[in-house]
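Novice: Okay, so here is start_5.txt, and as you'll see once you scroll down, it has compact mmCIF, C-alpha atoms.
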# COMPACT_ATOMS: atom_id res chain seq x y z
CA MET A 2 -25.11 -7.11 -16.74
CA SER A 3 -24.55 -7.14 -13.05
CA ILE A 4 -21.74 -6.07 -10.82
CA ARG A 5 -21.61 -7.04 -7.20
CA PRO A 6 -19.21 -7.15 -4.28
CA ALA A 7 -17.38 -10.48 -4.08
CA THR A 8 -18.17 -12.75 -1.15
CA LYS A 9 -16.04 -15.50 0.37
CA ASP A 10 -17.80 -17.96 -1.93
CA ASP A 11 -16.20 -16.17 -4.89
CA ALA A 12 -12.63 -16.79 -3.69
CA SER A 13 -11.89 -19.64 -6.12
CA LEU A 14 -13.38 -17.75 -9.02
CA LEU A 15 -11.32 -14.66 -8.24
CA PHE A 16 -8.22 -16.79 -7.81
CA ASP A 17 -8.68 -18.47 -11.19
CA MET A 18 -9.36 -15.23 -13.03
CA SER A 19 -6.30 -13.54 -11.56
CA MET A 20 -3.75 -16.34 -11.42
CA LEU A 21 -4.46 -17.87 -14.78
CA THR A 22 -4.22 -14.69 -16.80
CA ASP A 23 -1.15 -14.61 -19.02
CA GLN A 24 -0.58 -10.95 -18.31
CA LEU A 25 -0.06 -11.67 -14.68
CA LYS A 26 2.39 -14.47 -15.34
CA GLU A 27 4.38 -11.83 -17.23
CA LEU A 28 4.14 -9.57 -14.21
CA ALA A 29 5.61 -12.34 -12.07
CA ILE A 30 8.60 -12.51 -14.37
CA PHE A 31 8.92 -8.73 -14.14
CA GLN A 32 9.31 -8.88 -10.37
CA LYS A 33 12.67 -10.56 -10.80
CA PHE A 34 14.05 -10.43 -7.31
CA GLU A 35 11.14 -12.26 -5.75
CA SER A 36 10.65 -15.97 -5.83
CA LYS A 37 8.12 -17.32 -8.27
CA VAL A 38 6.02 -18.78 -5.47
CA VAL A 39 2.57 -17.30 -5.28
CA ILE A 40 -0.05 -17.46 -2.58
CA SER A 41 -2.07 -20.68 -2.35
CA ARG A 42 -5.75 -20.84 -3.24
CA GLU A 43 -6.55 -21.65 0.38
CA GLN A 44 -4.62 -18.72 1.80
CA TYR A 45 -6.16 -16.36 -0.78
CA ALA A 46 -9.65 -17.49 0.29
CA LYS A 47 -8.76 -17.07 3.95
CA ASP A 48 -7.40 -13.56 3.30
CA LEU A 49 -10.61 -12.60 1.47
CA GLU A 50 -12.69 -13.91 4.36
CA ASP A 51 -10.50 -12.04 6.86
CA GLY A 52 -11.06 -8.78 4.98
CA CYS A 53 -7.44 -8.31 3.87
CA PHE A 54 -8.84 -7.26 0.51
CA LYS A 55 -12.24 -6.74 -1.15
CA ALA A 56 -13.38 -7.24 -4.72
CA PHE A 57 -16.09 -6.68 -7.29
CA ILE A 58 -17.19 -9.24 -9.88
CA VAL A 59 -19.03 -8.58 -13.13
CA ILE A 60 -21.39 -11.27 -14.41
CA ASP A 61 -22.00 -11.17 -18.15
CA ASP A 62 -25.70 -10.73 -19.15
CA GLU A 63 -25.71 -13.03 -22.10
CA THR A 64 -23.74 -15.98 -20.78
CA GLY A 65 -24.23 -15.64 -17.01
CA GLU A 66 -20.49 -16.19 -16.62
CA ALA A 67 -18.02 -14.18 -14.58
CA ALA A 68 -16.64 -11.64 -17.05
CA GLY A 69 -14.22 -9.69 -14.90
CA MET A 70 -13.10 -8.53 -11.49
CA ALA A 71 -11.29 -5.81 -9.61
CA ILE A 72 -9.61 -6.11 -6.25
CA TYR A 73 -8.88 -3.31 -3.80
CA HIS A 74 -7.71 -2.84 -0.26
CA ASP A 75 -7.60 0.02 2.23
CA THR A 76 -4.24 1.70 2.64
CA PHE A 77 -2.97 4.79 4.39
CA ASP A 78 -0.81 7.74 3.43
CA CYS A 79 0.51 9.39 6.60
CA TRP A 80 0.51 12.82 4.94
CA LYS A 81 -2.84 12.57 3.19
CA GLY A 82 -4.93 10.07 5.15
CA ARG A 83 -7.02 7.13 3.98
CA THR A 84 -6.32 5.82 0.50
CA ILE A 85 -7.25 2.78 -1.57
CA SER A 86 -5.06 0.56 -3.69
CA MET A 87 -6.74 -1.08 -6.68
CA ASN A 88 -5.28 -4.27 -8.16
CA GLN A 89 -6.06 -6.86 -10.76
CA LEU A 90 -8.67 -5.06 -12.76
CA ILE A 91 -9.30 -7.86 -15.26
CA VAL A 92 -11.82 -8.36 -18.02
CA ARG A 93 -11.62 -11.81 -19.61
CA PRO A 94 -10.68 -11.52 -23.30
CA GLN A 95 -13.96 -12.97 -24.54
CA PHE A 96 -15.91 -10.25 -22.74
CA ARG A 97 -14.03 -7.18 -23.92
CA SER A 98 -15.72 -4.09 -25.47
CA LYS A 99 -18.71 -4.28 -23.18
CA LYS A 100 -17.55 -1.46 -20.87
CA TYR A 101 -17.05 -3.91 -18.01
CA GLY A 102 -13.62 -2.42 -17.31
CA LYS A 103 -15.04 1.05 -16.63
CA LEU A 104 -17.84 -0.46 -14.57
CA LEU A 105 -15.38 -2.29 -12.33
CA TRP A 106 -13.14 0.75 -12.00
CA ALA A 107 -16.14 2.97 -11.17
CA ALA A 108 -17.28 0.49 -8.51
CA VAL A 109 -13.89 0.70 -6.80
CA ALA A 110 -13.97 4.50 -7.18
CA GLN A 111 -17.37 4.54 -5.42
CA ALA A 112 -15.92 2.46 -2.57
CA ALA A 113 -13.03 4.92 -2.43
CA LYS A 114 -15.46 7.84 -2.29
CA ASP A 115 -17.47 6.16 0.48
CA ARG A 116 -14.26 5.70 2.47
CA GLY A 117 -13.45 9.39 2.02
CA VAL A 118 -10.01 8.68 0.54
CA ALA A 119 -7.47 11.30 -0.48
CA HIS A 120 -6.67 9.28 -3.61
CA MET A 121 -6.66 5.80 -5.09
CA SER A 122 -3.70 4.22 -6.86
CA TRP A 123 -2.83 1.20 -8.96
CA ASP A 124 0.01 -0.24 -11.07
CA VAL A 125 0.30 -1.19 -14.74
CA VAL A 126 3.26 -2.76 -16.57
CA ASP A 127 4.62 -0.32 -19.11
CA TRP A 128 4.18 -2.64 -22.11
CA ASN A 129 0.43 -2.96 -21.52
CA LYS A 130 -0.62 -0.30 -24.04
CA GLY A 131 -4.27 -1.29 -23.87
CA ALA A 132 -4.45 -0.77 -20.12
CA ILE A 133 -2.47 2.50 -20.34
CA GLY A 134 -4.88 3.84 -22.96
CA PHE A 135 -7.84 2.71 -20.87
CA TYR A 136 -6.66 4.43 -17.70
CA ASN A 137 -5.74 7.64 -19.50
CA SER A 138 -9.21 7.86 -21.04
CA VAL A 139 -10.68 9.15 -17.76
CA PRO A 140 -9.86 12.63 -16.35
CA GLY A 141 -8.22 12.94 -12.94
CA VAL A 142 -5.63 10.20 -13.53
CA ARG A 143 -2.00 11.13 -12.99
CA GLU A 144 1.15 9.07 -13.48
CA VAL A 145 3.17 9.17 -10.22
CA MET A 146 5.83 6.61 -11.04
CA ASN A 147 7.34 5.15 -14.19
CA ASP A 148 10.41 3.09 -13.43
CA LYS A 149 11.84 -0.34 -14.26
CA GLY A 150 8.87 -1.27 -16.39
CA LEU A 151 6.19 -0.41 -13.84
CA ILE A 152 3.84 2.56 -13.95
CA GLN A 153 1.84 3.74 -10.97
CA TYR A 154 -1.28 5.83 -11.46
CA MET A 155 -3.15 7.92 -8.96
CA MET A 156 -6.70 9.26 -9.14
CA SER A 157 -7.27 12.30 -6.95
CA LYS A 158 -10.25 12.89 -4.67
CA GLU A 159 -11.65 15.28 -7.29
CA GLY A 160 -11.07 12.73 -10.04
CA ILE A 161 -12.90 10.11 -7.99
CA GLU A 162 -15.85 12.50 -7.47
CA GLN A 163 -16.06 13.27 -11.15
CA PHE A 164 -15.70 9.65 -12.24
CA THR A 165 -18.32 8.27 -9.83
CA ALA A 166 -20.76 11.03 -10.77
CA SER A 167 -20.38 10.34 -14.48
CA SER A 168 -20.71 6.56 -13.94
CA LYS A 169 -23.92 6.58 -11.89
CA HIS A 170 -26.00 5.53 -14.88
CA CYS A 171 -23.98 2.31 -15.15
CA PHE A 172 -25.35 1.02 -11.89
CA LEU A 173 -29.02 1.55 -12.66
CA MET B 13 12.93 -0.44 27.76
CA PRO B 14 12.46 2.78 25.80
CA LEU B 15 10.22 1.32 23.08
CA ARG B 16 6.49 0.72 23.44
CA VAL B 17 3.36 0.46 21.34
CA ALA B 18 1.92 3.89 20.51
CA THR B 19 -1.47 4.79 21.97
CA LYS B 20 -3.93 7.58 21.17
CA ASP B 21 -2.33 9.68 23.90
CA ASP B 22 0.85 9.73 21.80
CA ILE B 23 -0.88 11.34 18.81
CA PRO B 24 0.41 14.88 19.47
CA ASP B 25 4.02 13.62 19.68
CA LEU B 26 3.61 11.31 16.67
CA PHE B 27 2.17 14.14 14.59
CA ASP B 28 4.91 16.55 15.68
CA MET B 29 7.61 14.06 14.67
CA LEU B 30 5.84 13.39 11.36
CA VAL B 31 5.92 17.10 10.57
CA GLU B 32 9.59 17.33 11.63
CA LEU B 33 10.46 14.56 9.16
CA ALA B 34 8.45 16.23 6.39
CA ILE B 35 10.32 19.50 7.02
CA PHE B 36 13.65 17.65 6.85
CA GLU B 37 12.52 16.10 3.54
CA LYS B 38 11.56 19.61 2.32
CA LEU B 39 8.06 18.29 1.69
CA ASP B 40 6.10 19.69 4.61
CA HIS B 41 3.80 21.46 2.13
CA GLU B 42 2.63 17.95 1.14
CA VAL B 43 1.27 17.20 4.63
CA HIS B 44 -2.45 17.77 4.10
CA ILE B 45 -3.86 15.65 6.91
CA SER B 46 -4.84 17.56 10.04
CA ARG B 47 -3.68 16.55 13.50
CA GLU B 48 -7.32 15.81 14.38
CA GLN B 49 -7.93 13.58 11.36
CA PHE B 50 -4.61 11.81 11.99
CA GLY B 51 -5.81 11.06 15.53
CA ARG B 52 -9.22 9.83 14.30
CA ASP B 53 -7.61 7.57 11.71
CA PHE B 54 -5.33 6.12 14.37
CA GLU B 55 -8.31 5.37 16.62
CA ASP B 56 -10.08 3.74 13.68
CA GLY B 57 -7.12 1.41 13.21
CA CYS B 58 -5.98 2.79 9.85
CA PHE B 59 -2.39 2.60 11.09
CA ARG B 60 -0.42 1.58 14.19
CA GLY B 61 2.95 2.53 15.58
CA PHE B 62 5.73 2.33 18.10
CA ILE B 63 7.27 5.18 20.04
CA VAL B 64 10.64 5.44 21.78
CA ILE B 65 10.86 7.46 24.99
CA ASP B 66 14.47 8.32 25.70
CA ASP B 67 15.83 6.77 28.91
CA GLU B 68 17.74 9.79 30.08
CA THR B 69 15.45 12.70 29.18
CA GLU B 70 12.11 10.81 29.17
CA ARG B 71 11.18 12.72 26.02
CA PRO B 72 9.87 11.19 22.80
CA ALA B 73 12.98 10.32 20.82
CA GLY B 74 11.55 8.55 17.82
CA MET B 75 8.68 6.66 16.25
CA VAL B 76 7.63 4.39 13.44
CA LEU B 77 4.19 3.84 11.92
CA TYR B 78 2.91 0.90 9.89
CA HIS B 79 -0.24 -0.35 8.20
CA TYR B 80 -1.33 -3.57 6.56
CA THR B 81 -1.40 -3.87 2.80
CA TYR B 82 -2.03 -6.69 0.33
CA ASP B 83 -0.27 -8.13 -2.68
CA CYS B 84 -2.59 -10.28 -4.75
CA TRP B 85 0.17 -12.75 -5.57
CA LYS B 86 2.08 -12.82 -2.33
CA GLY B 87 -0.67 -12.22 0.18
CA LYS B 88 -0.43 -10.11 3.30
CA THR B 89 2.22 -7.38 3.27
CA MET B 90 3.01 -4.36 5.41
CA SER B 91 3.96 -0.79 4.79
CA MET B 92 6.37 0.86 7.23
CA ASP B 93 6.14 4.65 7.40
CA GLU B 94 7.65 7.61 9.20
CA LEU B 95 10.62 5.88 10.83
CA ILE B 96 12.11 8.85 12.64
CA VAL B 97 14.74 9.36 15.30
CA ARG B 98 15.06 12.97 16.40
CA PRO B 99 18.59 14.35 15.69
CA GLU B 100 19.44 14.87 19.37
CA TYR B 101 18.81 11.18 20.07
CA ARG B 102 20.94 9.60 17.36
CA GLN B 103 23.63 6.96 18.01
CA LYS B 104 21.48 5.20 20.62
CA ARG B 105 20.32 2.42 18.23
CA TYR B 106 16.73 3.65 18.48
CA GLY B 107 16.35 3.42 14.70
CA LYS B 108 17.11 -0.30 14.59
CA LEU B 109 14.93 -0.89 17.65
CA LEU B 110 11.93 0.76 15.97
CA TRP B 111 12.49 -1.06 12.67
CA ALA B 112 12.96 -4.43 14.38
CA ALA B 113 9.71 -3.89 16.31
CA VAL B 114 7.88 -3.50 12.99
CA ALA B 115 9.70 -6.58 11.67
CA GLN B 116 8.44 -8.54 14.69
CA VAL B 117 4.83 -7.54 13.91
CA ALA B 118 5.43 -8.44 10.27
CA LYS B 119 6.77 -11.84 11.29
CA GLU B 120 3.76 -12.55 13.53
CA ARG B 121 1.40 -11.53 10.75
CA GLU B 122 3.39 -13.76 8.36
CA VAL B 123 3.68 -11.12 5.69
CA SER B 124 5.58 -11.79 2.49
CA HIS B 125 7.45 -8.49 2.69
CA ILE B 126 7.55 -5.03 4.29
CA MET B 127 7.80 -1.93 2.07
CA TRP B 128 8.77 1.64 2.77
CA ASP B 129 9.98 4.74 0.92
CA VAL B 130 13.21 6.75 1.22
CA LEU B 131 14.17 9.89 -0.66
CA ASP B 132 17.01 9.19 -3.08
CA TRP B 133 19.19 11.99 -1.62
CA ASN B 134 18.81 10.80 1.98
CA LYS B 135 22.19 9.03 2.16
CA GLY B 136 22.00 8.55 5.92
CA ALA B 137 18.73 6.67 5.68
CA ILE B 138 19.86 4.70 2.62
CA ASN B 139 23.01 3.52 4.41
CA PHE B 140 21.00 2.69 7.51
CA TYR B 141 18.57 0.48 5.57
CA HIS B 142 21.32 -1.26 3.60
CA SER B 143 23.16 -2.16 6.81
CA VAL B 144 20.63 -4.95 7.37
CA GLU B 145 20.36 -8.05 5.18
CA GLY B 146 17.32 -8.86 3.11
CA VAL B 147 16.68 -5.27 1.98
CA PHE B 148 16.20 -4.36 -1.70
CA ASP B 149 15.45 -1.09 -3.38
CA THR B 150 13.06 -1.55 -6.27
CA THR B 151 11.40 1.33 -8.11
CA LYS B 152 11.73 5.11 -7.85
CA ASP B 153 8.72 7.39 -8.14
CA ASN B 154 8.49 10.74 -9.90
CA GLU B 155 9.21 12.64 -6.69
CA GLY B 156 12.47 10.81 -6.02
CA PHE B 157 11.17 8.33 -3.44
CA LEU B 158 12.85 4.93 -3.63
CA ARG B 159 10.64 1.96 -2.75
CA TYR B 160 12.40 -0.48 -0.43
CA LYS B 161 11.36 -4.00 0.44
CA MET B 162 12.47 -6.42 3.13
CA SER B 163 11.90 -10.06 2.24
CA LYS B 164 10.28 -12.67 4.47
CA GLU B 165 13.73 -14.16 5.13
CA GLY B 166 15.11 -10.73 6.00
CA ILE B 167 12.20 -10.14 8.37
CA GLU B 168 12.78 -13.47 10.16
CA ARG B 169 16.47 -12.75 10.63
CA PHE B 170 16.03 -9.15 11.69
CA ALA B 171 13.14 -9.75 14.10
CA ALA B 172 15.33 -12.29 15.87
CA THR B 173 17.85 -9.58 16.76
CA ILE B 174 15.63 -7.82 19.31
Represent the supplied structure as structure tokens.
Specialist:
Amino acid sequence: MSIRPATKDDASLLFDMSMLTDQLKELAIFQKFESKVVISREQYAKDLEDGCFKAFIVIDDETGEAAGMAIYHDTFDCWKGRTISMNQLIVRPQFRSKKYGKLLWAAVAQAAKDRGVAHMSWDVVDWNKGAIGFYNSVPGVREVMNDKGLIQYMMSKEGIEQFTASSKHCFL
Amino acid sequence: MPLRVATKDDIPDLFDMLVELAIFEKLDHEVHISREQFGRDFEDGCFRGFIVIDDETERPAGMVLYHYTYDCWKGKTMSMDELIVRPEYRQKRYGKLLWAAVAQVAKEREVSHIMWDVLDWNKGAINFYHSVEGVFDTTKDNEGFLRYKMSKEGIERFAATI
């Protein structure tokens, strides 16, 4: 099993994993007021290359295929300082139950720790019970919003410290 | 022209106004960042801003901050923060000037939308934001902050007004 930062050569792979997931099509429907148009593959690749976002990819041991990904980008909270927003933590259905989800999350948490963030946050749709259970399985996660079908979670600086410390063995 | 891009020399005034807004919102106990760290983060490019210096008094009358964000489906987006006009400088259209300046940056960056938060009891701010087309309120968080968005079309139209 290997996890690594995504490079610009991974853009198409990331795009396919994120855009072709049924869950995310549902999320598009959820965001009713916006048009259904999504970013093009070319623009997504350009944005990755320009550093608008970063990502991690997990490659499955047995098959050598891309098993999952997580995207994140630097943000800022004027009252707290640097923060990170995590998005699109995805593990392909055929690669579930291999702890790749926690590995990806811990990799983003490590990046958050290295940046010295005050917290990291991410969204989940409220019908995604699996994801909700997954995120609540780690200490230091707090729900900060639950409205109109969308939940936002936040992991504090202390939660990030604890989580990265307990996940160190995953990266060996 | 009272509005200009904020520089590191403006940090003391920006921070003062940020604290004033937090006090007004009764949330000043939530401001954990120090003035020094705020200044360092500005110099590192974590956020940018505009400041308005009042014509008559030559004192800082207002400000707005912004930073770049990303939506994995829509692409580049922006977050607008701390849009403040000090009470003694109201009714001079500084609020719209500051907001439109951010919209102009958003337009140049070709973002899909701008987002910002407003407390649900802040009727003045809510009316102000709804006075411009292309603005939607979306979700509300557990502390009572409403998340607003301005669409790409709204940005185009609004940026053209300055």
Novice: From the set B:Ala34, B:Met90, B:Val130, B:Leu15, which residue has the shortest atom-to-atom contact distance to Ala73 (chain B), counting all atoms listed in the file?
Specialist: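 Nearest candidate to Ala73 (chain B) out of B:Ala34, B:Met90, B:Val130, B:Leu15: B:Leu15.
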Novice: Report as a list in words all protein, DNA and RNA residues lying within 8 Å of region 45-52 of chain A, evaluated on only C-alpha atoms, omitting residues in the same chain fewer than 5 positions from it.
Specialist: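 Listing them by chain and then by number gives Thr8, Lys9, Ala12, Ser13, Phe16 and Ile40 of chain A; Gly87 and Lys88 of chain B.
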Novice: Counting only C-alpha atoms, figure out which residue out of B:Arg16, B:Lys119, B:Glu70, B:Met92 gets nearest to Ala172 (chain B).
Specialist: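 That would be B:Lys119, the residue with the smallest distance to Ala172 (chain B).
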Novice: Please report as CSV every residue of region 77-163 of chain B lying within 12 Å of region 87-100 of chain A, along with the nearest atom pair and their distance in Å (one decimal), using only C-alpha atoms.
Specialist:
residue,atom,partner,partner_atom,distance
B:Thr81,CA,A:Met87,CA,11.2
B:Tyr82,CA,A:Asn88,CA,9.4
B:Asp83,CA,A:Asn88,CA,8.4
B:Cys84,CA,A:Asn88,CA,7.4
B:Trp85,CA,A:Gln89,CA,10.0
Novice: Write out as a list in words each polymer residue whose atoms come within 12 Å of Ile133 (chain A), counting only C-alpha atoms; drop sequence neighbours fewer than 3 positions from it.
Specialist: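 Contacts, in chain order: Trp123, Asp124, Val125, Val126, Asp127, Trp128, Asn129, Lys130, Tyr136, Asn137, Ser138, Val139, Val142, Arg143, Glu144, Asn147, Leu151, Ile152, Gln153 and Tyr154 of chain A.
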Novice: Per residue of chain B within 10 Å of chain A, record the nearest atom pair and its distance in Å to one decimal, counting all atoms listed in the file, with rows in chain order and ascending residue number, as JSON lines.
Specialist:
{"residue": "B:Phe27", "atom": "CA", "partner": "A:Cys79", "partner_atom": "CA", "distance": 9.4}
{"residue": "B:Leu30", "atom": "CA", "partner": "A:Cys79", "partner_atom": "CA", "distance": 8.2}
{"residue": "B:Val31", "atom": "CA", "partner": "A:Trp80", "partner_atom": "CA", "distance": 8.9}
{"residue": "B:Ala34", "atom": "CA", "partner": "A:Trp80", "partner_atom": "CA", "distance": 8.8}
{"residue": "B:Leu39", "atom": "CA", "partner": "A:Trp80", "partner_atom": "CA", "distance": 9.9}
{"residue": "B:Asp40", "atom": "CA", "partner": "A:Trp80", "partner_atom": "CA", "distance": 8.9}
{"residue": "B:His41", "atom": "CA", "partner": "A:Trp80", "partner_atom": "CA", "distance": 9.7}
{"residue": "B:Glu42", "atom": "CA", "partner": "A:Trp80", "partner_atom": "CA", "distance": 6.7}
{"residue": "B:Val43", "atom": "CA", "partner": "A:Trp80", "partner_atom": "CA", "distance": 4.5}
{"residue": "B:His44", "atom": "CA", "partner": "A:Lys81", "partner_atom": "CA", "distance": 5.3}
{"residue": "B:Ile45", "atom": "CA", "partner": "A:Lys81", "partner_atom": "CA", "distance": 4.9}
{"residue": "B:Ser46", "atom": "CA", "partner": "A:Lys81", "partner_atom": "CA", "distance": 8.7}
{"residue": "B:Gln49", "atom": "CA", "partner": "A:Gly82", "partner_atom": "CA", "distance": 7.7}
{"residue": "B:Phe50", "atom": "CA", "partner": "A:Gly82", "partner_atom": "CA", "distance": 7.1}
{"residue": "B:Asp53", "atom": "CA", "partner": "A:Gly82", "partner_atom": "CA", "distance": 7.5}
{"residue": "B:Cys58", "atom": "CA", "partner": "A:Phe77", "partner_atom": "CA", "distance": 6.5}
{"residue": "B:Phe59", "atom": "CA", "partner": "A:Phe77", "partner_atom": "CA", "distance": 7.1}
{"residue": "B:Leu77", "atom": "CA", "partner": "A:Cys79", "partner_atom": "CA", "distance": 8.5}
{"residue": "B:Tyr78", "atom": "CA", "partner": "A:Phe77", "partner_atom": "CA", "distance": 8.9}
{"residue": "B:His79", "atom": "CA", "partner": "A:Phe77", "partner_atom": "CA", "distance": 7.0}
{"residue": "B:Tyr80", "atom": "CA", "partner": "A:Thr76", "partner_atom": "CA", "distance": 7.2}
{"residue": "B:Thr81", "atom": "CA", "partner": "A:Thr76", "partner_atom": "CA", "distance": 6.3}
{"residue": "B:Tyr82", "atom": "CA", "partner": "A:Cys53", "partner_atom": "CA", "distance": 6.7}
{"residue": "B:Asp83", "atom": "CA", "partner": "A:Asn88", "partner_atom": "CA", "distance": 8.4}
{"residue": "B:Cys84", "atom": "CA", "partner": "A:Asn88", "partner_atom": "CA", "distance": 7.4}
{"residue": "B:Trp85", "atom": "CA", "partner": "A:Val39", "partner_atom": "CA", "distance": 5.2}
{"residue": "B:Lys86", "atom": "CA", "partner": "A:Ile40", "partner_atom": "CA", "distance": 5.1}
{"residue": "B:Gly87", "atom": "CA", "partner": "A:Ile40", "partner_atom": "CA", "distance": 6.0}
{"residue": "B:Lys88", "atom": "CA", "partner": "A:Cys53", "partner_atom": "CA", "distance": 7.3}
{"residue": "B:Thr89", "atom": "CA", "partner": "A:Cys53", "partner_atom": "CA", "distance": 9.7}
{"residue": "B:Met90", "atom": "CA", "partner": "A:Thr76", "partner_atom": "CA", "distance": 9.8}
{"residue": "B:Ser91", "atom": "CA", "partner": "A:Thr76", "partner_atom": "CA", "distance": 8.8}
{"residue": "B:Asp93", "atom": "CA", "partner": "A:Cys79", "partner_atom": "CA", "distance": 7.4}
{"residue": "B:Glu94", "atom": "CA", "partner": "A:Cys79", "partner_atom": "CA", "distance": 7.8}
{"residue": "B:Ser124", "atom": "CA", "partner": "A:Ile40", "partner_atom": "CA", "distance": 9.5}
{"residue": "B:His125", "atom": "CA", "partner": "A:Glu35", "partner_atom": "CA", "distance": 10.0}
{"residue": "B:Phe148", "atom": "CA", "partner": "A:Phe34", "partner_atom": "CA", "distance": 8.5}
{"residue": "B:Thr150", "atom": "CA", "partner": "A:Lys149", "partner_atom": "CA", "distance": 8.2}
{"residue": "B:Thr151", "atom": "CA", "partner": "A:Asp148", "partner_atom": "CA", "distance": 5.7}
{"residue": "B:Lys152", "atom": "CA", "partner": "A:Asp148", "partner_atom": "CA", "distance": 6.1}
{"residue": "B:Asp153", "atom": "CA", "partner": "A:Met146", "partner_atom": "CA", "distance": 4.2}
{"residue": "B:Asn154", "atom": "CA", "partner": "A:Met146", "partner_atom": "CA", "distance": 5.0}
{"residue": "B:Glu155", "atom": "CA", "partner": "A:Val145", "partner_atom": "CA", "distance": 7.8}
{"residue": "B:Gly156", "atom": "CA", "partner": "A:Met146", "partner_atom": "CA", "distance": 9.3}
{"residue": "B:Phe157", "atom": "CA", "partner": "A:Met146", "partner_atom": "CA", "distance": 9.4}
{"residue": "B:Ser163", "atom": "CA", "partner": "A:Glu35", "partner_atom": "CA", "distance": 8.3}
Novice: Save out the residues we just selected, C-alpha atoms, as a JSON list (two decimals), in the frame of the given file.
Specialist:
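Here's the written file result.json:
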[["chain", "number", "residue", "atom", "x", "y", "z"],
["B", 27, "PHE", "CA", 2.17, 14.14, 14.59],
["B", 30, "LEU", "CA", 5.84, 13.39, 11.36],
["B", 31, "VAL", "CA", 5.92, 17.10, 10.57],
["B", 34, "ALA", "CA", 8.45, 16.23, 6.39],
["B", 39, "LEU", "CA", 8.06, 18.29, 1.69],
["B", 40, "ASP", "CA", 6.10, 19.69, 4.61],
["B", 41, "HIS", "CA", 3.80, 21.46, 2.13],
["B", 42, "GLU", "CA", 2.63, 17.95, 1.14],
["B", 43, "VAL", "CA", 1.27, 17.20, 4.63],
["B", 44, "HIS", "CA", -2.45, 17.77, 4.10],
["B", 45, "ILE", "CA", -3.86, 15.65, 6.91],
["B", 46, "SER", "CA", -4.84, 17.56, 10.04],
["B", 49, "GLN", "CA", -7.93, 13.58, 11.36],
["B", 50, "PHE", "CA", -4.61, 11.81, 11.99],
["B", 53, "ASP", "CA", -7.61, 7.57, 11.71],
["B", 58, "CYS", "CA", -5.98, 2.79, 9.85],
["B", 59, "PHE", "CA", -2.39, 2.60, 11.09],
["B", 77, "LEU", "CA", 4.19, 3.84, 11.92],
["B", 78, "TYR", "CA", 2.91, 0.90, 9.89],
["B", 79, "HIS", "CA", -0.24, -0.35, 8.20],
["B", 80, "TYR", "CA", -1.33, -3.57, 6.56],
["B", 81, "THR", "CA", -1.40, -3.87, 2.80],
["B", 82, "TYR", "CA", -2.03, -6.69, 0.33],
["B", 83, "ASP", "CA", -0.27, -8.13, -2.68],
["B", 84, "CYS", "CA", -2.59, -10.28, -4.75],
["B", 85, "TRP", "CA", 0.17, -12.75, -5.57],
["B", 86, "LYS", "CA", 2.08, -12.82, -2.33],
["B", 87, "GLY", "CA", -0.67, -12.22, 0.18],
["B", 88, "LYS", "CA", -0.43, -10.11, 3.30],
["B", 89, "THR", "CA", 2.22, -7.38, 3.27],
["B", 90, "MET", "CA", 3.01, -4.36, 5.41],
["B", 91, "SER", "CA", 3.96, -0.79, 4.79],
["B", 93, "ASP", "CA", 6.14, 4.65, 7.40],
["B", 94, "GLU", "CA", 7.65, 7.61, 9.20],
["B", 124, "SER", "CA", 5.58, -11.79, 2.49],
["B", 125, "HIS", "CA", 7.45, -8.49, 2.69],
["B", 148, "PHE", "CA", 16.20, -4.36, -1.70],
["B", 150, "THR", "CA", 13.06, -1.55, -6.27],
["B", 151, "THR", "CA", 11.40, 1.33, -8.11],
["B", 152, "LYS", "CA", 11.73, 5.11, -7.85],
["B", 153, "ASP", "CA", 8.72, 7.39, -8.14],
["B", 154, "ASN", "CA", 8.49, 10.74, -9.90],
["B", 155, "GLU", "CA", 9.21, 12.64, -6.69],
["B", 156, "GLY", "CA", 12.47, 10.81, -6.02],
["B", 157, "PHE", "CA", 11.17, 8.33, -3.44],
["B", 163, "SER", "CA", 11.90, -10.06, 2.24]]
Novice: For Ala56 (chain A), which of A:Ile4, A:Met70, A:Met121, A:Ala107 is the closest residue, counting only C-alpha atoms?
Specialist: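 When distances to Ala56 (chain A) are compared using only C-alpha atoms, the smallest one comes from A:Met70.
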Novice: Can you pull out every residue within 8 Å of Gly166 (chain B), counting all atoms listed in the file, but drop anything in the same chain fewer than 4 positions away, and send it as an MDAnalysis selection string?
Specialist: chainID B and resid 145:147 162 170
